[in-house]
Amino acid sequence: MTRTTPSPPHALHLQGIWKIFGEDANSFLQKFGTSPADSDLQKAGLIAAVRDANLDIHRGEIFVIMGLSGSGKSTLVRCMSRLIEPTAGELFFEGQDLLAISEKELTEMRRHKMGMVFQHFALLPHLSVLGNVAFPLEIQGVEKSVRQQRALDMIELVGLSGREDYYPRELSGGQQQRVGIARSLAVEPDIWFLDEPFSALDPLIRREMQDEFLRLQGLLRKTIVFITHDFDEAIRLADRIAIMKDGAIIQIGAPEDLILNPATDYVAEFTRDVSRAKVLSAKTVMRPVTPGESLDETLAHHTKVQDLAHRAVNSDRHMGVTDDDGAIIGAVDNQAVLDVLVGNEPPRTN
């Protein structure tokens with residue numbers, strides 16, 4: 001009998017997840033507990049790829065996992081779908097215990113509820129665009145006319161209408177990636193795992209794919225786990241970011257949280273060269289509205305400083321900042337914007 005836990009608002013819940021590679025890893029953890037020393041791991045000939053990971057991923061958010069090569073981010077994501085079996089810990093998807101279900105149940109869950117896109121597109125060269133996108137539905141046993149219509153809808157969604165009969169070799173790298181995205185969406189997944197999907201693309205195409213990704217998320221509101229090593233990409237896409245080092249999650253937070261309140265020197269160094277204007281929002285740099293103050297225009301609290309900079313620095317306008325309900329919660333003037341642009345960012349918050 002599988003255990004359940006209340007699912008709202010979490011799509012995915014991880015508690016104490018470990019992945020240790022090597023012989024008798026389970027026995028090792030039972031002996032040393034959740035805080036084994038590196039020297040103990042080395043002596044046992046074991047490698048801890050993921051160390052005591054705890055996180056909740058909310059429904060409908062883009063959750064980005066970052067870290068240098070070898071930090072454990074790809075291993076962690078593969079543990080989330082049990083492509084790699086965790087050594088220890090708890091893993092719940094929509095309230096269902098993924099570590100307690102059978103292989104058959106897991107296979108069905110992957111086929112129907114999980115979408116996956118990786119850096120290498122893994123398109124089937126002998127199938128057309130239409131055939132590739134429809135393939136997972138064929139595996140599910142969906143009737144041909146239904147799966148082809150669903151595939152055509154996804155091809156249109158990713159902007160490849162007219163290329164249904166092309167083969168992968170006839171497509172650019174960006175187009176191939178769009179096919180991979182369409183294929184993963186064809187099963188209408190509840191959660192979408194993407195492991196550095198754009199890293200093999202040149203910068204211009206990568207930017208286009210990021211735009212496309214955000215457009216799709218605006219339409220579909222999927223729960224997304226996205227791996228990248230590029231902080232600019234992360235801050236452009238993420239609702240929240242987890243930074244990993246040596247298999248451990250060092251800090252989780254919104255991009256602004258990581259910039260303004262780094263938990264460790266490692267996080268501070270990791271984010272040091274990031275443009276603050278790309279990350280900090282109007283809400284971060286706003287001040288209280290002065291009684292009787294005249295505001296020339298209003299802008300949403302999540303507007304980034306770089307997006308309001310031109311209006312602010314080329315005039316003496318005082319702009320009102322609004323919350324999600326449209327109520328004014330503060331004001332931004334050109335001095336606040338200039339302070340960010342020249343490096344005088346807001347103080348760290350507690």
# chains A, B, ... in the order shown; residues from 1 in each chain; ligands from 1
>>> residues_around(residues="segment 301-304 of chain A", least_positions_apart="3", cutoff="12 Å", atoms="only C-alpha atoms", output="VMD selection string")
chain A and resid 235 to 236 239 254 to 256 275 to 287 298 307 to 310 319 to 332 337 340 to 341
>>> residues_around(residues="segment 218-229 of chain A", least_positions_apart="5", cutoff="6 Å", atoms="only C-alpha atoms", output="PyMOL selection string")
chain A and resi 59-67+191-196
>>> write_last_selection(atoms="C-alpha atoms", output="CSV table (one decimal), in the first residue's frame")
chain,number,residue,atom,x,y,z
A,59,ARG,CA,2.6,23.6,-8.8
A,60,GLY,CA,2.9,25.8,-11.9
A,61,GLU,CA,6.4,27.2,-11.0
A,62,ILE,CA,9.6,27.2,-12.9
A,63,PHE,CA,12.1,25.8,-10.5
A,64,VAL,CA,15.7,26.1,-11.7
A,65,ILE,CA,18.6,24.0,-10.3
A,66,MET,CA,22.1,25.4,-10.8
A,67,GLY,CA,25.6,24.4,-10.0
A,191,ILE,CA,5.5,18.0,-14.4
A,192,TRP,CA,8.2,18.8,-17.0
A,193,PHE,CA,11.9,18.0,-16.4
A,194,LEU,CA,14.5,19.9,-18.6
A,195,ASP,CA,18.2,19.2,-18.2
A,196,GLU,CA,20.2,22.0,-19.9
>>> select_by_dssp(residues="segment 68-271 of chain A", states="strand (DSSP E)", output="PyMOL selection string")
chain A and resi 88-93+96-97+114-118+191-195+223-228+240-245+248-253
>>> write_last_selection(atoms="N, CA and C atoms", output="mmCIF file, in the first residue's frame")
data_model
loop_
_atom_site.group_PDB
_atom_site.id
_atom_site.type_symbol
_atom_site.label_atom_id
_atom_site.label_comp_id
_atom_site.auth_asym_id
_atom_site.auth_seq_id
_atom_site.Cartn_x
_atom_site.Cartn_y
_atom_site.Cartn_z
ATOM 1 N N ALA A 88 18.529 6.864 -0.383
ATOM 2 C CA ALA A 88 17.718 7.044 0.823
ATOM 3 C C ALA A 88 16.887 8.304 0.676
ATOM 4 N N GLY A 89 15.858 8.403 1.519
ATOM 5 C CA GLY A 89 15.036 9.607 1.532
ATOM 6 C C GLY A 89 13.598 9.347 1.160
ATOM 7 N N GLU A 90 12.814 10.420 1.096
ATOM 8 C CA GLU A 90 11.415 10.360 0.729
ATOM 9 C C GLU A 90 11.178 11.198 -0.519
ATOM 10 N N LEU A 91 10.298 10.695 -1.403
ATOM 11 C CA LEU A 91 10.034 11.365 -2.676
ATOM 12 C C LEU A 91 8.547 11.228 -2.986
ATOM 13 N N PHE A 92 7.831 12.347 -2.984
ATOM 14 C CA PHE A 92 6.402 12.340 -3.246
ATOM 15 C C PHE A 92 6.089 13.202 -4.471
ATOM 16 N N PHE A 93 5.260 12.677 -5.353
ATOM 17 C CA PHE A 93 4.778 13.404 -6.527
ATOM 18 C C PHE A 93 3.259 13.484 -6.445
ATOM 19 N N GLN A 96 1.803 11.239 -3.911
ATOM 20 C CA GLN A 96 2.023 9.793 -4.020
ATOM 21 C C GLN A 96 3.488 9.461 -3.784
ATOM 22 N N ASP A 97 3.728 8.439 -3.018
ATOM 23 C CA ASP A 97 5.082 8.025 -2.672
ATOM 24 C C ASP A 97 5.711 7.313 -3.864
ATOM 25 N N MET A 114 4.792 12.719 -16.773
ATOM 26 C CA MET A 114 6.109 13.355 -16.749
ATOM 27 C C MET A 114 6.614 13.601 -18.158
ATOM 28 N N GLY A 115 7.074 14.817 -18.411
ATOM 29 C CA GLY A 115 7.733 15.135 -19.665
ATOM 30 C C GLY A 115 9.205 15.381 -19.413
ATOM 31 N N MET A 116 10.063 14.963 -20.337
ATOM 32 C CA MET A 116 11.509 15.107 -20.150
ATOM 33 C C MET A 116 12.156 15.615 -21.427
ATOM 34 N N VAL A 117 13.014 16.626 -21.288
ATOM 35 C CA VAL A 117 13.788 17.160 -22.405
ATOM 36 C C VAL A 117 15.225 17.300 -21.927
ATOM 37 N N PHE A 118 16.145 16.718 -22.687
ATOM 38 C CA PHE A 118 17.549 16.760 -22.297
ATOM 39 C C PHE A 118 18.373 17.526 -23.329
ATOM 40 N N ILE A 191 4.263 17.378 -14.812
ATOM 41 C CA ILE A 191 5.546 17.974 -14.448
ATOM 42 C C ILE A 191 6.507 17.757 -15.598
ATOM 43 N N TRP A 192 7.375 18.742 -15.810
ATOM 44 C CA TRP A 192 8.233 18.787 -16.992
ATOM 45 C C TRP A 192 9.674 18.941 -16.527
ATOM 46 N N PHE A 193 10.525 17.959 -16.818
ATOM 47 C CA PHE A 193 11.937 18.007 -16.442
ATOM 48 C C PHE A 193 12.771 18.388 -17.666
ATOM 49 N N LEU A 194 13.605 19.432 -17.515
ATOM 50 C CA LEU A 194 14.463 19.876 -18.614
ATOM 51 C C LEU A 194 15.893 20.010 -18.107
ATOM 52 N N ASP A 195 16.794 19.219 -18.677
ATOM 53 C CA ASP A 195 18.191 19.194 -18.239
ATOM 54 C C ASP A 195 19.059 19.890 -19.283
ATOM 55 N N THR A 223 4.280 22.681 -14.221
ATOM 56 C CA THR A 223 5.289 22.620 -13.168
ATOM 57 C C THR A 223 6.582 22.174 -13.832
ATOM 58 N N ILE A 224 7.625 22.990 -13.708
ATOM 59 C CA ILE A 224 8.844 22.772 -14.487
ATOM 60 C C ILE A 224 10.059 22.728 -13.575
ATOM 61 N N VAL A 225 10.888 21.713 -13.772
ATOM 62 C CA VAL A 225 12.201 21.641 -13.129
ATOM 63 C C VAL A 225 13.232 21.775 -14.240
ATOM 64 N N PHE A 226 14.042 22.815 -14.163
ATOM 65 C CA PHE A 226 14.923 23.209 -15.261
ATOM 66 C C PHE A 226 16.356 23.291 -14.745
ATOM 67 N N ILE A 227 17.250 22.551 -15.368
ATOM 68 C CA ILE A 227 18.669 22.598 -14.992
ATOM 69 C C ILE A 227 19.426 23.512 -15.948
ATOM 70 N N THR A 228 20.273 24.354 -15.389
ATOM 71 C CA THR A 228 21.173 25.162 -16.202
ATOM 72 C C THR A 228 22.407 25.508 -15.361
ATOM 73 N N ARG A 240 11.954 30.310 -8.770
ATOM 74 C CA ARG A 240 12.902 30.081 -7.687
ATOM 75 C C ARG A 240 14.096 29.304 -8.220
ATOM 76 N N ILE A 241 15.217 29.439 -7.516
ATOM 77 C CA ILE A 241 16.469 28.797 -7.915
ATOM 78 C C ILE A 241 17.035 28.045 -6.714
ATOM 79 N N ALA A 242 17.548 26.836 -6.987
ATOM 80 C CA ALA A 242 18.340 26.105 -5.992
ATOM 81 C C ALA A 242 19.775 26.042 -6.484
ATOM 82 N N ILE A 243 20.715 26.400 -5.641
ATOM 83 C CA ILE A 243 22.134 26.323 -5.987
ATOM 84 C C ILE A 243 22.738 25.125 -5.264
ATOM 85 N N MET A 244 23.437 24.282 -6.036
ATOM 86 C CA MET A 244 24.044 23.072 -5.490
ATOM 87 C C MET A 244 25.563 23.151 -5.529
ATOM 88 N N LYS A 245 26.183 22.469 -4.591
ATOM 89 C CA LYS A 245 27.641 22.357 -4.527
ATOM 90 C C LYS A 245 27.979 21.022 -3.873
ATOM 91 N N ALA A 248 25.150 18.891 -2.470
ATOM 92 C CA ALA A 248 24.245 19.463 -1.475
ATOM 93 C C ALA A 248 23.565 20.719 -2.018
ATOM 94 N N ILE A 249 22.335 20.947 -1.581
ATOM 95 C CA ILE A 249 21.630 22.186 -1.902
ATOM 96 C C ILE A 249 22.081 23.245 -0.905
ATOM 97 N N ILE A 250 22.695 24.307 -1.417
ATOM 98 C CA ILE A 250 23.261 25.342 -0.554
ATOM 99 C C ILE A 250 22.223 26.391 -0.196
ATOM 100 N N GLN A 251 21.408 26.779 -1.177
ATOM 101 C CA GLN A 251 20.400 27.811 -0.928
ATOM 102 C C GLN A 251 19.292 27.692 -1.960
ATOM 103 N N ILE A 252 18.054 27.967 -1.537
ATOM 104 C CA ILE A 252 16.895 28.029 -2.414
ATOM 105 C C ILE A 252 16.238 29.385 -2.231
ATOM 106 N N GLY A 253 15.900 30.043 -3.342
ATOM 107 C CA GLY A 253 15.207 31.319 -3.221
ATOM 108 C C GLY A 253 14.917 31.920 -4.574
#
>>> select_by_dssp(residues="segment 12-177 of chain A", states="helix (DSSP H, G or I)", output="PyMOL selection string")
chain A and resi 25-32+38-43+73-80+103-113+129-140+144-157+168-170+173-177
>>> residues_around(residues="segment 18-21 of chain A", least_positions_apart="6", cutoff="10 Å", atoms="only C-alpha atoms", output="list in words")
Phe28, Leu29, Thr34, Leu41, Gly45, Leu46, Ile47, Ala48, Ala49, Val50, Arg51, Asp52, Ala53, Asn54, Gly72, Thr75, Leu76, Cys79, Ile84, Glu85, Pro86, Thr87, Ala88, Gly89, Glu90, Gly247 and Ala248 of chain A
>>> write_last_selection(atoms="N, CA and C atoms", output="tab-separated table (two decimals), in the first residue's frame")
chain	number	residue	atom	x	y	z
A	28	PHE	N	26.05	1.66	4.31
A	28	PHE	CA	26.91	2.76	4.75
A	28	PHE	C	26.08	3.85	5.43
A	29	LEU	N	24.96	4.25	4.79
A	29	LEU	CA	24.13	5.31	5.37
A	29	LEU	C	23.50	4.87	6.68
A	34	THR	N	22.94	10.56	8.42
A	34	THR	CA	22.77	11.55	7.35
A	34	THR	C	23.91	12.58	7.28
A	41	LEU	N	33.39	8.42	3.40
A	41	LEU	CA	32.96	8.07	2.05
A	41	LEU	C	34.14	7.58	1.22
A	45	GLY	N	35.10	3.89	-0.51
A	45	GLY	CA	35.10	3.87	-1.97
A	45	GLY	C	33.78	4.32	-2.56
A	46	LEU	N	33.10	5.26	-1.88
A	46	LEU	CA	31.79	5.72	-2.31
A	46	LEU	C	31.83	7.18	-2.76
A	47	ILE	N	30.88	7.54	-3.63
A	47	ILE	CA	30.75	8.91	-4.11
A	47	ILE	C	29.33	9.39	-3.81
A	48	ALA	N	29.22	10.47	-3.06
A	48	ALA	CA	27.91	11.04	-2.73
A	48	ALA	C	27.57	12.09	-3.78
A	49	ALA	N	26.74	11.71	-4.75
A	49	ALA	CA	26.35	12.63	-5.83
A	49	ALA	C	25.26	13.59	-5.38
A	50	VAL	N	24.39	13.14	-4.49
A	50	VAL	CA	23.35	13.99	-3.89
A	50	VAL	C	23.38	13.75	-2.40
A	51	ARG	N	23.40	14.85	-1.63
A	51	ARG	CA	23.55	14.75	-0.18
A	51	ARG	C	22.36	15.40	0.53
A	52	ASP	N	21.52	14.58	1.14
A	52	ASP	CA	20.48	15.05	2.05
A	52	ASP	C	19.67	16.22	1.46
A	53	ALA	N	19.13	16.01	0.26
A	53	ALA	CA	18.40	17.08	-0.44
A	53	ALA	C	16.97	17.18	0.09
A	54	ASN	N	16.59	18.42	0.44
A	54	ASN	CA	15.24	18.70	0.92
A	54	ASN	C	14.68	19.87	0.12
A	72	GLY	N	25.94	17.78	-8.89
A	72	GLY	CA	24.88	16.84	-8.56
A	72	GLY	C	23.51	17.20	-9.10
A	75	THR	N	21.94	14.51	-11.44
A	75	THR	CA	21.62	13.32	-10.65
A	75	THR	C	20.37	13.55	-9.81
A	76	LEU	N	20.26	14.73	-9.22
A	76	LEU	CA	19.10	15.04	-8.40
A	76	LEU	C	17.82	14.99	-9.23
A	79	CYS	N	16.85	11.53	-9.96
A	79	CYS	CA	16.25	10.90	-8.79
A	79	CYS	C	14.77	11.27	-8.67
A	84	ILE	N	17.19	7.47	-11.87
A	84	ILE	CA	18.22	6.97	-10.96
A	84	ILE	C	17.54	6.73	-9.62
A	85	GLU	N	17.78	5.58	-9.02
A	85	GLU	CA	17.15	5.25	-7.75
A	85	GLU	C	17.87	5.95	-6.59
A	86	PRO	N	17.17	6.74	-5.80
A	86	PRO	CA	17.80	7.34	-4.63
A	86	PRO	C	18.28	6.25	-3.66
A	87	THR	N	19.35	6.53	-2.98
A	87	THR	CA	19.85	5.60	-1.97
A	87	THR	C	19.00	5.66	-0.71
A	88	ALA	N	18.53	6.86	-0.38
A	88	ALA	CA	17.72	7.04	0.82
A	88	ALA	C	16.89	8.30	0.68
A	89	GLY	N	15.86	8.40	1.52
A	89	GLY	CA	15.04	9.61	1.53
A	89	GLY	C	13.60	9.35	1.16
A	90	GLU	N	12.81	10.42	1.10
A	90	GLU	CA	11.41	10.36	0.73
A	90	GLU	C	11.18	11.20	-0.52
A	247	GLY	N	27.00	18.08	-4.34
A	247	GLY	CA	25.87	17.21	-4.07
A	247	GLY	C	24.85	17.76	-3.10
A	248	ALA	N	25.15	18.89	-2.47
A	248	ALA	CA	24.25	19.46	-1.47
A	248	ALA	C	23.56	20.72	-2.02
>>> atom_distance(atom1="atom CA of Asp211 of chain A", atom2="atom CA of Val158 of chain A")
11.1 Å
>>> atom_distance(atom1="atom CA of Glu108 of chain A", atom2="atom CA of Arg183 of chain A")
16.6 Å
>>> closest_residue(among="A:Lys113, A:Arg178, A:Arg147, A:Arg169", to="Gln210 of chain A", atoms="only C-alpha atoms")
A:Arg178
>>> closest_residue(among="A:Glu293, A:Arg82, A:Arg207, A:Ser172", to="Glu105 of chain A", atoms="only C-alpha atoms")
A:Arg82
>>> closest_residue(among="A:Phe198, A:Leu68, A:Arg215, A:Leu123", to="Leu157 of chain A", atoms="only C-alpha atoms")
A:Arg215
